[in-house]
$ cat model-v4.txt   # compact mmCIF, C-alpha atoms
# COMPACT_ATOMS: atom_id res chain seq x y z
CA MET A 30 -21.07 34.60 -30.94
CA GLU A 31 -17.68 33.04 -31.61
CA ALA A 32 -16.23 33.51 -35.06
CA THR A 33 -15.92 30.35 -37.10
CA THR A 34 -12.45 31.25 -38.26
CA TYR A 35 -9.00 30.38 -36.94
CA ASP A 36 -10.29 31.32 -33.47
CA THR A 37 -12.63 28.31 -33.55
CA PHE A 38 -11.06 26.02 -36.14
CA HIS A 39 -7.31 25.62 -36.41
CA ARG A 40 -4.93 23.03 -37.71
CA SER A 41 -5.97 20.35 -35.28
CA GLY A 42 -9.74 20.96 -35.44
CA PRO A 43 -12.31 22.93 -33.46
CA LEU A 44 -11.07 24.97 -30.53
CA TYR A 45 -13.11 22.96 -28.02
CA GLN A 46 -11.06 19.89 -28.96
CA SER A 47 -7.89 21.75 -28.04
CA VAL A 48 -9.43 22.60 -24.67
CA GLN A 49 -10.50 18.97 -24.29
CA ARG A 50 -6.92 17.81 -24.88
CA GLN A 51 -5.59 20.33 -22.36
CA ILE A 52 -8.06 19.10 -19.75
CA LEU A 53 -6.99 15.52 -20.49
CA ASP A 54 -3.38 16.55 -19.88
CA VAL A 55 -4.42 18.07 -16.53
CA LEU A 56 -6.17 14.83 -15.59
CA ALA A 57 -3.20 12.74 -16.71
CA ARG A 58 -0.88 14.77 -14.44
CA GLY A 59 -3.22 14.14 -11.50
CA GLU A 60 -3.85 17.83 -10.87
CA TRP A 61 -7.54 17.04 -10.43
CA ARG A 62 -8.13 13.82 -8.54
CA PRO A 63 -11.05 11.38 -8.83
CA ASN A 64 -14.17 12.48 -6.93
CA GLU A 65 -12.86 16.08 -6.76
CA ALA A 66 -14.75 19.00 -8.26
CA ILE A 67 -13.03 20.71 -11.14
CA PRO A 68 -12.54 24.52 -10.96
CA SER A 69 -15.35 26.90 -11.81
CA GLU A 70 -16.20 27.67 -15.41
CA LYS A 71 -14.90 31.23 -15.02
CA ARG A 72 -11.52 30.03 -13.77
CA LEU A 73 -11.28 27.48 -16.56
CA CYS A 74 -12.21 30.04 -19.20
CA ASP A 75 -9.46 32.30 -17.89
CA ARG A 76 -6.98 29.43 -17.76
CA PHE A 77 -7.58 28.21 -21.30
CA GLY A 78 -8.39 31.59 -22.84
CA VAL A 79 -11.74 30.57 -24.31
CA SER A 80 -15.39 31.55 -24.12
CA ILE A 81 -17.93 29.87 -21.89
CA GLY A 82 -19.52 28.19 -24.93
CA THR A 83 -16.26 26.60 -26.05
CA LEU A 84 -15.46 25.44 -22.52
CA ARG A 85 -18.89 23.88 -22.03
CA THR A 86 -18.63 22.03 -25.34
CA ALA A 87 -15.28 20.57 -24.24
CA ILE A 88 -16.66 19.55 -20.86
CA ASP A 89 -19.77 18.06 -22.48
CA ALA A 90 -17.51 15.81 -24.57
CA LEU A 91 -15.59 14.66 -21.48
CA VAL A 92 -18.85 13.99 -19.62
CA ALA A 93 -20.05 11.93 -22.59
CA ASP A 94 -16.80 9.93 -22.36
CA HIS A 95 -17.45 9.36 -18.61
CA LEU A 96 -14.24 11.15 -17.59
CA LEU A 97 -16.17 13.89 -15.81
CA VAL A 98 -19.48 13.59 -13.99
CA ARG A 99 -22.04 16.33 -13.39
CA HIS A 100 -23.87 16.38 -10.06
CA GLN A 101 -26.89 18.63 -10.16
CA GLY A 102 -26.50 21.58 -7.85
CA LEU A 103 -22.93 20.62 -6.89
CA GLY A 104 -20.83 21.00 -10.02
CA THR A 105 -18.68 18.82 -12.26
CA PHE A 106 -16.40 16.17 -10.76
CA VAL A 107 -13.64 13.87 -11.94
CA ALA A 108 -15.07 10.38 -12.40
CA SER A 109 -14.03 7.56 -10.11
CA HIS A 110 -14.17 3.78 -10.51
CA ASN A 111 -15.51 3.51 -6.98
CA ARG A 112 -19.00 4.44 -8.20
CA PRO A 113 -21.30 1.67 -9.43
CA ARG A 114 -21.89 3.57 -12.67
CA GLN A 115 -18.23 3.42 -13.59
CA PHE A 116 -18.04 -0.29 -12.73
CA PHE A 117 -20.80 -1.15 -15.18
CA GLN A 118 -19.22 1.06 -17.80
CA PHE A 119 -16.49 -1.57 -18.09
CA PHE A 120 -18.25 -4.76 -17.01
CA ASN A 121 -20.38 -5.91 -19.93
CA ILE A 122 -21.65 -9.36 -18.91
CA GLY A 123 -25.20 -9.82 -17.69
CA PRO A 124 -27.99 -12.39 -17.51
CA HIS A 125 -30.22 -13.16 -20.48
CA GLU A 126 -33.03 -11.47 -18.59
CA GLY A 127 -32.84 -8.93 -15.79
CA SER A 128 -30.22 -6.48 -14.59
CA ARG A 129 -26.48 -6.87 -14.37
CA THR A 130 -25.14 -7.63 -10.90
CA TYR A 131 -21.73 -7.46 -9.27
CA PRO A 132 -19.73 -10.65 -9.80
CA ASP A 133 -17.92 -12.55 -7.09
CA VAL A 134 -14.25 -12.54 -8.12
CA GLU A 135 -11.76 -15.25 -7.17
CA LEU A 136 -8.08 -14.78 -7.92
CA LEU A 137 -6.86 -18.10 -9.31
CA SER A 138 -3.23 -17.26 -10.04
CA PHE A 139 -0.73 -14.43 -9.95
CA ARG A 140 2.75 -14.66 -11.37
CA LYS A 141 5.53 -12.65 -12.92
CA GLY A 142 6.62 -13.41 -16.43
CA ARG A 143 7.80 -12.00 -19.74
CA ALA A 144 5.71 -10.47 -22.49
CA ASP A 145 5.14 -12.69 -25.49
CA ARG A 146 4.64 -11.27 -28.97
CA LEU A 147 0.87 -10.84 -28.60
CA ALA A 148 0.93 -9.17 -25.19
CA ALA A 149 3.82 -6.93 -26.23
CA SER A 150 1.94 -5.73 -29.31
CA LYS A 151 -1.23 -5.02 -27.31
CA LEU A 152 0.55 -3.22 -24.46
CA GLY A 153 3.04 -1.28 -26.57
CA ILE A 154 6.07 -2.85 -24.86
CA ASN A 155 8.94 -5.02 -26.04
CA ILE A 156 8.84 -8.80 -26.32
CA GLY A 157 10.45 -10.14 -23.15
CA ASP A 158 9.63 -7.11 -21.00
CA PRO A 159 8.50 -8.04 -17.48
CA VAL A 160 4.76 -8.42 -16.95
CA PHE A 161 2.32 -9.63 -14.34
CA ARG A 162 -0.13 -12.37 -15.34
CA LEU A 163 -3.36 -12.75 -13.41
CA ARG A 164 -6.22 -15.20 -13.74
CA ASN A 165 -9.65 -14.61 -12.20
CA LEU A 166 -12.88 -16.57 -12.02
CA LEU A 167 -16.05 -14.45 -11.95
CA SER A 168 -19.28 -15.97 -10.65
CA MET A 169 -22.82 -14.60 -10.75
CA ASP A 170 -25.87 -16.07 -9.10
CA ARG A 171 -23.53 -18.74 -7.69
CA ARG A 172 -22.57 -19.84 -11.21
CA PRO A 173 -19.03 -19.56 -12.64
CA VAL A 174 -19.50 -17.36 -15.71
CA VAL A 175 -16.23 -15.73 -16.76
CA VAL A 176 -12.57 -16.73 -16.76
CA ASP A 177 -10.34 -13.65 -17.11
CA THR A 178 -6.66 -13.82 -18.08
CA LEU A 179 -4.88 -10.49 -17.66
CA VAL A 180 -1.42 -9.21 -18.54
CA LEU A 181 -0.12 -6.00 -16.93
CA PRO A 182 3.15 -4.25 -17.83
CA ALA A 183 5.33 -4.52 -14.73
CA GLY A 184 6.88 -1.14 -15.47
CA LEU A 185 3.58 0.56 -14.63
CA PHE A 186 2.80 -1.59 -11.59
CA ALA A 187 6.03 -1.63 -9.62
CA GLY A 188 5.73 -3.58 -6.38
CA LEU A 189 2.42 -5.24 -7.24
CA THR A 190 1.99 -8.43 -5.23
CA GLU A 191 -0.47 -11.29 -5.10
CA SER A 192 -1.51 -10.16 -1.63
CA THR A 193 -2.28 -6.65 -2.89
CA VAL A 194 -4.47 -8.01 -5.66
CA ARG A 195 -6.20 -10.63 -3.54
CA ASN A 196 -6.93 -8.30 -0.61
CA ARG A 197 -7.90 -5.18 -2.54
CA PRO A 198 -11.00 -3.50 -1.07
CA ASN A 199 -12.56 -2.69 -4.42
CA THR A 200 -12.27 -3.47 -8.14
CA LEU A 201 -9.02 -3.96 -10.03
CA TYR A 202 -9.56 -0.68 -11.82
CA SER A 203 -9.92 1.06 -8.47
CA LEU A 204 -6.63 -0.54 -7.43
CA TYR A 205 -4.95 0.70 -10.60
CA LEU A 206 -6.13 4.21 -9.79
CA ASP A 207 -5.64 4.32 -6.03
CA ALA A 208 -2.25 2.59 -5.87
CA TYR A 209 -0.68 3.58 -9.21
CA GLY A 210 -2.52 6.66 -10.43
CA LEU A 211 -3.61 4.79 -13.57
CA ASN A 212 -7.15 5.73 -14.48
CA VAL A 213 -8.83 3.46 -17.03
CA ILE A 214 -10.80 5.86 -19.20
CA ARG A 215 -11.73 3.65 -22.14
CA ILE A 216 -11.49 0.12 -23.44
CA ASP A 217 -11.20 -1.50 -26.84
CA GLU A 218 -13.14 -4.77 -26.84
CA ARG A 219 -13.45 -7.34 -29.60
CA VAL A 220 -15.93 -10.18 -29.24
CA ARG A 221 -15.87 -13.50 -31.05
CA ALA A 222 -17.32 -17.00 -30.84
CA ALA A 223 -14.75 -19.57 -29.74
CA ALA A 224 -14.27 -23.11 -28.48
CA ALA A 225 -13.55 -23.36 -24.77
CA PRO A 226 -9.94 -24.35 -24.05
CA ALA A 227 -9.65 -27.17 -21.56
CA SER A 228 -8.49 -25.01 -18.67
CA SER A 229 -11.37 -22.51 -18.97
CA ALA A 230 -13.91 -25.24 -19.74
CA LYS A 231 -13.12 -27.03 -16.50
CA LEU A 232 -13.58 -23.87 -14.46
CA LEU A 233 -16.88 -23.09 -16.19
CA ASN A 234 -18.20 -26.66 -15.86
CA LEU A 235 -18.23 -27.08 -19.62
CA PRO A 236 -16.82 -29.81 -21.85
CA ALA A 237 -13.58 -28.87 -23.59
CA GLY A 238 -14.34 -27.35 -26.95
CA ALA A 239 -17.84 -26.21 -25.97
CA PRO A 240 -18.94 -22.93 -27.58
CA ILE A 241 -18.14 -19.85 -25.52
CA LEU A 242 -17.82 -16.12 -26.02
CA GLU A 243 -14.26 -14.78 -26.13
CA VAL A 244 -13.77 -11.09 -25.32
CA ARG A 245 -10.38 -9.49 -25.99
CA ARG A 246 -9.81 -6.17 -24.27
CA ILE A 247 -7.16 -3.47 -24.13
CA ALA A 248 -7.70 -0.97 -21.31
CA PHE A 249 -6.34 2.53 -21.86
CA SER A 250 -5.46 5.38 -19.54
CA PHE A 251 -4.97 8.98 -20.61
CA ASN A 252 -3.25 9.70 -23.92
CA ARG A 253 -4.27 6.20 -25.07
CA GLN A 254 -1.65 4.53 -22.90
CA PRO A 255 -2.42 0.77 -22.79
CA ILE A 256 -2.22 -0.56 -19.23
CA GLU A 257 -3.99 -3.93 -19.42
CA TRP A 258 -4.45 -6.76 -21.94
CA ARG A 259 -7.26 -9.16 -21.08
CA ILE A 260 -8.85 -12.24 -22.62
CA SER A 261 -12.19 -13.33 -21.14
CA HIS A 262 -13.95 -16.64 -21.73
CA VAL A 263 -17.68 -16.33 -21.07
CA ASP A 264 -20.21 -19.13 -20.52
CA THR A 265 -23.29 -17.96 -22.44
CA ARG A 266 -25.76 -20.59 -21.23
CA HIS A 267 -27.31 -18.09 -18.82
CA HIS A 268 -25.36 -14.87 -19.51
CA GLU A 269 -24.50 -12.69 -22.48
CA TYR A 270 -22.54 -9.64 -23.57
CA VAL A 271 -24.46 -6.47 -22.72
CA HIS A 272 -23.32 -2.97 -23.58
CA ARG A 273 -25.37 0.06 -22.66
CA ASP A 274 -24.32 3.66 -22.43
CA VAL A 275 -23.78 4.87 -18.86
CA LEU A 276 -26.26 7.53 -17.82
CA GLN A 277 -24.96 10.71 -16.26
CA SER A 278 -26.52 12.11 -13.09

$ encode --input "model-v4.txt" --output "structure tokens"
Amino acid sequence: MEATTYDTFHRSGPLYQSVQRQILDVLARGEWRPNEAIPSEKRLCDRFGVSIGTLRTAIDALVADHLLVRHQGLGTFVASHNRPRQFFQFFNIGPHEGSRTYPDVELLSFRKGRADRLAASKLGINIGDPVFRLRNLLSMDRRPVVVDTLVLPAGLFAGLTESTVRNRPNTLYSLYLDAYGLNVIRIDERVRAAAAPASSAKLLNLPAGAPILEVRRIAFSFNRQPIEWRISHVDTRHHEYVHRDVLQS
């Protein structure tokens, strides 16, 4: 049994949290890549100088946060956005009844610009810093449902082009990871009722000022680094905001 003294609790909290932070640092450096198995428990215990119980508690917390994934009989792996489970971890719009489905995504615009006060505050950059601005239309069941407006800090996405975004083989978050090593590990979303601005209303086949759902999101990578600021306008006539925990295999 581990002693519940300084060995387990120190200035920054329980020892497993220290191990958790060290593993996060390893993931942030890219030492363990998405879809790769992490080292054995014995090797990790030796590396971090902790007992098997402390290590498993740290890994359990990272599995609960969807950063690691357990595969029965195979081991524990670094999560990837290429798996359907990870997609639905971050896509929270679904029909009033039935299961969520993959949306059809149409890139409406892509341009370079400068960060305004709001985007700068959300992304932790300076007003006037270069950014990329994207606009997408998401359709489900052949209905336009969501208009997404995204701002990305250009400093993290050097060389990003409209062609790269438009012709990506997978989701945007997969592109962030595969091309730039930026792994979205959590989001901060705030949801409010709003009146549809004219530009979004037209795309959603709604009258200007019609009631919609507005979702404001900051996407974070490791060490709470903000990498995306997004405002989504959602037509709620047939769809709604749905958030369910993602089951582990």

$ closest_atom_pairs --input "model-v4.txt" --of "stretch 77-102 of chain A" --to "stretch 210-226 of chain A" --cutoff "12 Å" --atoms "all atoms listed in the file" --output "CSV"
residue,atom,partner,partner_atom,distance
A:Leu91,CA,A:Ile214,CA,10.3
A:Val92,CA,A:Ile214,CA,11.4
A:Ala93,CA,A:Ile214,CA,11.6
A:Asp94,CA,A:Ile214,CA,7.9
A:His95,CA,A:Ile214,CA,7.5
A:Leu96,CA,A:Ile214,CA,6.5
A:Leu97,CA,A:Ile214,CA,10.2

$ residues_near_point --input "model-v4.txt" --point "(-19.9, -28.6, -22.9)" --cutoff "12 Å" --atoms "all atoms listed in the file" --output "number ranges by chain"
A: 224-227, 229-241, 264-266

$ closest_residue --input "model-v4.txt" --among "A:Val263, A:Leu73, A:Leu201, A:Ala108" --to "A:Leu136" --atoms "all atoms listed in the file"
A:Leu201

$ closest_residue --input "model-v4.txt" --among "A:Gly142, A:Pro159, A:Gly82, A:Pro198" --to "A:Ala183" --atoms "only C-alpha atoms"
A:Pro159

$ closest_residue --input "model-v4.txt" --among "A:Val180, A:Tyr45, A:Val271, A:Phe251" --to "A:Ser80" --atoms "all atoms listed in the file"
A:Tyr45

$ closest_residue --input "model-v4.txt" --among "A:Glu243, A:Glu257, A:Asp54, A:Glu269" --to "A:Val160" --atoms "all atoms listed in the file"
A:Glu257

$ closest_residue --input "model-v4.txt" --among "A:Arg164, A:Ala148, A:Asn196, A:Asp170" --to "A:Ile247" --atoms "only C-alpha atoms"
A:Ala148

$ closest_residue --input "model-v4.txt" --among "A:Gln118, A:Gln51, A:Ala87, A:Trp258" --to "A:Asp145" --atoms "only C-alpha atoms"
A:Trp258

$ atom_distance --input "model-v4.txt" --atom1 "atom CA of A:Ala208" --atom2 "atom CA of A:Phe161"
15.6 Å

$ residues_around --input "model-v4.txt" --residues "A:Ser138" --least-positions-apart "4" --cutoff "9 Å" --atoms "all atoms listed in the file" --output "list in words"
Arg162, Leu163, Arg164, Asn165 and Glu191 of chain A

$ residues_around --input "model-v4.txt" --residues "A:Asp177" --least-positions-apart "5" --cutoff "7 Å" --atoms "all atoms listed in the file" --output "ChimeraX atom specification"
/A:164-166,259-262

$ axis_aligned_box --input "model-v4.txt" --around "stretch 216-230 of chain A" --padding-each-side "8 Å" --output "JSON"
{"center_x": -12.9, "center_y": -13.5, "center_z": -24.9, "size_x": 24.8, "size_y": 43.3, "size_z": 28.4}

$ atom_distance --input "model-v4.txt" --atom1 "atom CA of A:Arg171" --atom2 "atom CA of A:Ile122"
14.7 Å

$ residues_around --input "model-v4.txt" --residues "A:Pro132" --least-positions-apart "5" --cutoff "8 Å" --atoms "all atoms listed in the file" --output "PyMOL selection string"
chain A and resi 167-169

$ build_atoms --input "model-v4.txt" --residues "stretch 214-225 of chain A" --atoms "all heavy atoms" --output "PDB file, in the coordinates of the input"
ATOM      1  N   ILE A 214      -9.781   4.940 -18.695  1.00  0.00           N
ATOM      2  CA  ILE A 214     -10.800   5.860 -19.200  1.00  0.00           C
ATOM      3  C   ILE A 214     -11.547   5.297 -20.394  1.00  0.00           C
ATOM      4  O   ILE A 214     -12.633   5.769 -20.717  1.00  0.00           O
ATOM      5  CB  ILE A 214     -10.196   7.233 -19.553  1.00  0.00           C
ATOM      6  CG1 ILE A 214      -9.185   7.101 -20.698  1.00  0.00           C
ATOM      7  CG2 ILE A 214      -9.556   7.866 -18.330  1.00  0.00           C
ATOM      8  CD1 ILE A 214      -8.732   8.440 -21.238  1.00  0.00           C
ATOM      9  N   ARG A 215     -10.979   4.287 -21.056  1.00  0.00           N
ATOM     10  CA  ARG A 215     -11.730   3.650 -22.140  1.00  0.00           C
ATOM     11  C   ARG A 215     -11.147   2.274 -22.414  1.00  0.00           C
ATOM     12  O   ARG A 215     -10.020   1.973 -22.000  1.00  0.00           O
ATOM     13  CB  ARG A 215     -11.729   4.497 -23.407  1.00  0.00           C
ATOM     14  CG  ARG A 215     -10.379   4.815 -24.002  1.00  0.00           C
ATOM     15  CD  ARG A 215     -10.529   5.568 -25.316  1.00  0.00           C
ATOM     16  NE  ARG A 215     -11.510   6.639 -25.243  1.00  0.00           N
ATOM     17  CZ  ARG A 215     -11.232   7.887 -24.869  1.00  0.00           C
ATOM     18  NH1 ARG A 215      -9.990   8.201 -24.551  1.00  0.00           N
ATOM     19  NH2 ARG A 215     -12.162   8.804 -24.799  1.00  0.00           N
ATOM     20  N   ILE A 216     -11.937   1.460 -23.081  1.00  0.00           N
ATOM     21  CA  ILE A 216     -11.490   0.120 -23.440  1.00  0.00           C
ATOM     22  C   ILE A 216     -11.773  -0.130 -24.907  1.00  0.00           C
ATOM     23  O   ILE A 216     -12.687   0.452 -25.500  1.00  0.00           O
ATOM     24  CB  ILE A 216     -12.177  -0.962 -22.577  1.00  0.00           C
ATOM     25  CG1 ILE A 216     -13.700  -0.884 -22.710  1.00  0.00           C
ATOM     26  CG2 ILE A 216     -11.741  -0.860 -21.121  1.00  0.00           C
ATOM     27  CD1 ILE A 216     -14.440  -1.986 -22.000  1.00  0.00           C
ATOM     28  N   ASP A 217     -10.964  -0.996 -25.485  1.00  0.00           N
ATOM     29  CA  ASP A 217     -11.200  -1.500 -26.840  1.00  0.00           C
ATOM     30  C   ASP A 217     -11.504  -2.980 -26.690  1.00  0.00           C
ATOM     31  O   ASP A 217     -10.638  -3.756 -26.278  1.00  0.00           O
ATOM     32  CB  ASP A 217      -9.948  -1.266 -27.697  1.00  0.00           C
ATOM     33  CG  ASP A 217     -10.090  -1.823 -29.116  1.00  0.00           C
ATOM     34  OD1 ASP A 217     -11.125  -2.453 -29.425  1.00  0.00           O
ATOM     35  OD2 ASP A 217      -9.152  -1.647 -29.913  1.00  0.00           O
ATOM     36  N   GLU A 218     -12.734  -3.376 -26.984  1.00  0.00           N
ATOM     37  CA  GLU A 218     -13.140  -4.770 -26.840  1.00  0.00           C
ATOM     38  C   GLU A 218     -13.521  -5.356 -28.182  1.00  0.00           C
ATOM     39  O   GLU A 218     -14.218  -4.720 -28.977  1.00  0.00           O
ATOM     40  CB  GLU A 218     -14.330  -4.905 -25.869  1.00  0.00           C
ATOM     41  CG  GLU A 218     -13.953  -4.792 -24.419  1.00  0.00           C
ATOM     42  CD  GLU A 218     -15.054  -5.287 -23.485  1.00  0.00           C
ATOM     43  OE1 GLU A 218     -16.236  -5.202 -23.869  1.00  0.00           O
ATOM     44  OE2 GLU A 218     -14.719  -5.759 -22.379  1.00  0.00           O
ATOM     45  N   ARG A 219     -13.082  -6.588 -28.414  1.00  0.00           N
ATOM     46  CA  ARG A 219     -13.450  -7.340 -29.600  1.00  0.00           C
ATOM     47  C   ARG A 219     -14.027  -8.674 -29.151  1.00  0.00           C
ATOM     48  O   ARG A 219     -13.427  -9.359 -28.324  1.00  0.00           O
ATOM     49  CB  ARG A 219     -12.243  -7.533 -30.516  1.00  0.00           C
ATOM     50  CG  ARG A 219     -11.719  -6.191 -31.050  1.00  0.00           C
ATOM     51  CD  ARG A 219     -10.393  -6.316 -31.765  1.00  0.00           C
ATOM     52  NE  ARG A 219      -9.922  -5.003 -32.158  1.00  0.00           N
ATOM     53  CZ  ARG A 219     -10.088  -4.476 -33.379  1.00  0.00           C
ATOM     54  NH1 ARG A 219     -10.711  -5.192 -34.312  1.00  0.00           N
ATOM     55  NH2 ARG A 219      -9.645  -3.273 -33.667  1.00  0.00           N
ATOM     56  N   VAL A 220     -15.186  -9.017 -29.690  1.00  0.00           N
ATOM     57  CA  VAL A 220     -15.930 -10.180 -29.240  1.00  0.00           C
ATOM     58  C   VAL A 220     -16.033 -11.186 -30.376  1.00  0.00           C
ATOM     59  O   VAL A 220     -16.310 -10.813 -31.517  1.00  0.00           O
ATOM     60  CB  VAL A 220     -17.349  -9.762 -28.773  1.00  0.00           C
ATOM     61  CG1 VAL A 220     -18.131 -10.960 -28.263  1.00  0.00           C
ATOM     62  CG2 VAL A 220     -17.254  -8.688 -27.687  1.00  0.00           C
ATOM     63  N   ARG A 221     -15.796 -12.454 -30.038  1.00  0.00           N
ATOM     64  CA  ARG A 221     -15.870 -13.500 -31.050  1.00  0.00           C
ATOM     65  C   ARG A 221     -16.391 -14.794 -30.429  1.00  0.00           C
ATOM     66  O   ARG A 221     -16.296 -14.992 -29.215  1.00  0.00           O
ATOM     67  CB  ARG A 221     -14.493 -13.755 -31.662  1.00  0.00           C
ATOM     68  CG  ARG A 221     -13.478 -14.303 -30.671  1.00  0.00           C
ATOM     69  CD  ARG A 221     -12.083 -14.481 -31.276  1.00  0.00           C
ATOM     70  NE  ARG A 221     -11.432 -13.201 -31.518  1.00  0.00           N
ATOM     71  CZ  ARG A 221     -10.173 -13.092 -31.951  1.00  0.00           C
ATOM     72  NH1 ARG A 221      -9.468 -14.186 -32.207  1.00  0.00           N
ATOM     73  NH2 ARG A 221      -9.630 -11.915 -32.139  1.00  0.00           N
ATOM     74  N   ALA A 222     -16.949 -15.650 -31.284  1.00  0.00           N
ATOM     75  CA  ALA A 222     -17.320 -17.000 -30.840  1.00  0.00           C
ATOM     76  C   ALA A 222     -16.061 -17.853 -30.828  1.00  0.00           C
ATOM     77  O   ALA A 222     -15.178 -17.692 -31.681  1.00  0.00           O
ATOM     78  CB  ALA A 222     -18.353 -17.604 -31.783  1.00  0.00           C
ATOM     79  N   ALA A 223     -15.954 -18.749 -29.858  1.00  0.00           N
ATOM     80  CA  ALA A 223     -14.750 -19.570 -29.740  1.00  0.00           C
ATOM     81  C   ALA A 223     -15.116 -20.908 -29.115  1.00  0.00           C
ATOM     82  O   ALA A 223     -16.231 -21.116 -28.614  1.00  0.00           O
ATOM     83  CB  ALA A 223     -13.700 -18.856 -28.880  1.00  0.00           C
ATOM     84  N   ALA A 224     -14.143 -21.820 -29.156  1.00  0.00           N
ATOM     85  CA  ALA A 224     -14.270 -23.110 -28.480  1.00  0.00           C
ATOM     86  C   ALA A 224     -13.520 -23.027 -27.162  1.00  0.00           C
ATOM     87  O   ALA A 224     -12.385 -22.536 -27.098  1.00  0.00           O
ATOM     88  CB  ALA A 224     -13.693 -24.220 -29.355  1.00  0.00           C
ATOM     89  N   ALA A 225     -14.133 -23.487 -26.101  1.00  0.00           N
ATOM     90  CA  ALA A 225     -13.550 -23.360 -24.770  1.00  0.00           C
ATOM     91  C   ALA A 225     -12.274 -24.190 -24.660  1.00  0.00           C
ATOM     92  O   ALA A 225     -12.312 -25.411 -24.852  1.00  0.00           O
ATOM     93  CB  ALA A 225     -14.536 -23.803 -23.711  1.00  0.00           C
TER      94      ALA A 225
END
